[in-house]
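See structure below.
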Amino acid sequence: MWQQHLDSLLDILPYSVKCPQSNLYGMHVYSRHPLEDATCEYIVEEDVPSIHAKIKLPSNTIIQAHFLHPAPPSPTENKTAIERDAELVIVAKRIAKHALPTIVTGDLNDVAWSPTTRLFVKSVDY
């Protein structure tokens with residue numbers, strides 16, 4: 001049912017990548033610009049997807065995008081932040097390897113002043 005409601009966006013955002021899940025970590029990306037080489041990956045946890053794609057702008061500029069929603073530390077799910085931290089570090093290492101302008105977005109379940117965020121920034125700082 002909710003998938004049909006999201007797909008109503010296709011009229012104005014015709015490009016999409018969908019990674020539905022039965023848990024709280026399903027992920028969908030809708031775009032008005034073409035998405036190229038799009039993948040839905042399970043980098044650290046088998047039930048927590050992330051989406052990675054190149055976005056082709058009208059100027060023909062290509063931007064790499066990473067859409068993340070790693071699971072937060074939680075007494076009922078992940079007792080530590082190890083999985084979240086691992087996903088962020090893995091994506092940071094990927095970014096450091098390519099030269100395209102890059103956007104990392106999503107609910108990172110982290111704060112700007114955390115050691116993990118500082119490590120992420122340090123890892124991709126050119």
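Just remember, in the structure tokens the first chain shown is A, the second B, etc., residues are 1-based per chain, and ligands are 1-based in the order shown.
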Kindly assemble as a tab-separated table a list of the range 1-63 of chain A residues that lie within 12 Å of range 106-109 of chain A, each paired with its nearest atom pair and their distance in Å to one decimal, using only C-alpha atoms, sorted first by chain and then by ascending residue number.
```
residue	atom	partner	partner_atom	distance
A:Tyr25	CA	A:Asp107	CA	10.4
A:Met27	CA	A:Gly106	CA	9.7
A:His28	CA	A:Gly106	CA	10.9
A:Val29	CA	A:Gly106	CA	10.3
A:Pro49	CA	A:Gly106	CA	11.6
A:Ser50	CA	A:Gly106	CA	9.3
A:Ile51	CA	A:Gly106	CA	9.9
A:His52	CA	A:Gly106	CA	11.6
```
### Task
Please report, as an MDAnalysis selection string, each residue of range 34-96 of chain A to which DSSP assigns helix (DSSP H, G or I) when run on this structure's backbone.
chainID A and resid 82:96
### Query
Per DSSP on the backbone, what are the strand (DSSP E) residues of range 61-125 of chain A, as a list of chain:residue names?
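Written out, the strand (DSSP E) residues of range 61-125 of chain A are A:Ile62, A:Ile63, A:Gln64, A:Ala65, A:His66, A:Phe67, A:Leu68, A:Thr102, A:Ile103, A:Val104, A:Thr105, A:Gly106.
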Export, as a short mmCIF file (atom, residue, chain, number, x, y, z; two decimals), in the first residue's frame, the selected residues with N, CA, C and O atoms.
```cif
data_model
loop_
_atom_site.label_atom_id
_atom_site.label_comp_id
_atom_site.auth_asym_id
_atom_site.auth_seq_id
_atom_site.Cartn_x
_atom_site.Cartn_y
_atom_site.Cartn_z
N ILE A 62 28.12 14.76 -14.00
CA ILE A 62 27.77 13.56 -13.25
C ILE A 62 28.21 13.75 -11.79
O ILE A 62 29.34 14.15 -11.52
N ILE A 63 27.31 13.46 -10.88
CA ILE A 63 27.58 13.54 -9.44
C ILE A 63 27.37 12.15 -8.86
O ILE A 63 26.37 11.50 -9.14
N GLN A 64 28.29 11.70 -8.04
CA GLN A 64 28.12 10.43 -7.32
C GLN A 64 27.29 10.72 -6.08
O GLN A 64 27.53 11.71 -5.38
N ALA A 65 26.33 9.86 -5.79
CA ALA A 65 25.50 10.03 -4.60
C ALA A 65 25.44 8.73 -3.82
O ALA A 65 25.36 7.64 -4.40
N HIS A 66 25.50 8.87 -2.51
CA HIS A 66 25.37 7.74 -1.58
C HIS A 66 24.23 8.08 -0.63
O HIS A 66 24.28 9.11 0.05
N PHE A 67 23.21 7.24 -0.60
CA PHE A 67 22.05 7.44 0.26
C PHE A 67 22.11 6.39 1.36
O PHE A 67 22.02 5.19 1.07
N LEU A 68 22.28 6.83 2.59
CA LEU A 68 22.54 5.91 3.70
C LEU A 68 21.49 6.04 4.81
O LEU A 68 20.97 7.12 5.05
N THR A 102 30.67 14.52 -5.01
CA THR A 102 29.93 13.49 -4.28
C THR A 102 29.00 14.09 -3.24
O THR A 102 29.35 15.05 -2.56
N ILE A 103 27.83 13.47 -3.14
CA ILE A 103 26.86 13.80 -2.10
C ILE A 103 26.64 12.55 -1.26
O ILE A 103 26.42 11.47 -1.79
N VAL A 104 26.73 12.71 0.05
CA VAL A 104 26.35 11.65 0.99
C VAL A 104 25.18 12.20 1.78
O VAL A 104 25.30 13.27 2.39
N THR A 105 24.07 11.49 1.73
CA THR A 105 22.88 11.99 2.40
C THR A 105 22.09 10.85 3.00
O THR A 105 22.32 9.69 2.68
N GLY A 106 21.19 11.20 3.87
CA GLY A 106 20.33 10.21 4.50
C GLY A 106 20.28 10.44 6.00
O GLY A 106 20.79 11.44 6.51
#
```
### Task
Counting only C-alpha atoms, figure out which residue out of A:Asp110, A:Glu36, A:Glu87, A:Asp11 gets nearest to Val48 in chain A.
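The shortest atom-to-atom distance to Val48 in chain A comes from A:Glu87.
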Skipping near chain neighbours, those fewer than 6 positions away, what residues fall within 6 Å of Leu13 in chain A using only C-alpha atoms, listed as an mmCIF file with all heavy atoms, in the first residue's frame?
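For reference, part_31.cif as written:
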```cif
data_model
loop_
_atom_site.group_PDB
_atom_site.id
_atom_site.type_symbol
_atom_site.label_atom_id
_atom_site.label_comp_id
_atom_site.auth_asym_id
_atom_site.auth_seq_id
_atom_site.Cartn_x
_atom_site.Cartn_y
_atom_site.Cartn_z
ATOM 1 N N TYR A 30 13.908 8.861 -5.249
ATOM 2 C CA TYR A 30 13.204 9.365 -6.427
ATOM 3 C C TYR A 30 13.918 10.631 -6.884
ATOM 4 O O TYR A 30 14.307 11.453 -6.057
ATOM 5 C CB TYR A 30 11.739 9.686 -6.093
ATOM 6 C CG TYR A 30 10.926 8.460 -5.784
ATOM 7 C CD1 TYR A 30 10.908 7.913 -4.508
ATOM 8 C CD2 TYR A 30 10.165 7.844 -6.772
ATOM 9 C CE1 TYR A 30 10.167 6.789 -4.222
ATOM 10 C CE2 TYR A 30 9.415 6.717 -6.500
ATOM 11 C CZ TYR A 30 9.415 6.192 -5.218
ATOM 12 O OH TYR A 30 8.676 5.071 -4.937
ATOM 13 N N SER A 31 14.068 10.786 -8.200
ATOM 14 C CA SER A 31 14.836 11.908 -8.730
ATOM 15 C C SER A 31 14.210 12.438 -10.013
ATOM 16 O O SER A 31 13.639 11.683 -10.795
ATOM 17 C CB SER A 31 16.269 11.446 -9.017
ATOM 18 O OG SER A 31 17.010 12.454 -9.664
ATOM 19 N N ARG A 32 14.369 13.726 -10.235
ATOM 20 C CA ARG A 32 13.944 14.291 -11.522
ATOM 21 C C ARG A 32 15.059 14.142 -12.549
ATOM 22 O O ARG A 32 14.845 14.335 -13.733
ATOM 23 C CB ARG A 32 13.527 15.746 -11.384
ATOM 24 C CG ARG A 32 14.668 16.707 -11.079
ATOM 25 C CD ARG A 32 14.177 18.106 -10.902
ATOM 26 N NE ARG A 32 13.154 18.065 -9.859
ATOM 27 C CZ ARG A 32 12.748 19.077 -9.138
ATOM 28 N NH1 ARG A 32 13.238 20.249 -9.343
ATOM 29 N NH2 ARG A 32 11.865 18.931 -8.205
#
```
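Of the listed residues A:Ala53, A:Ala112, A:Ser59, A:Gln4, the one whose atoms come nearest to Ser16 in chain A is A:Ala53, with distances taken using only C-alpha atoms.
Atom to atom, CA of Asp37 in chain A and CA of Leu100 in chain A stand 13.7 Å apart.
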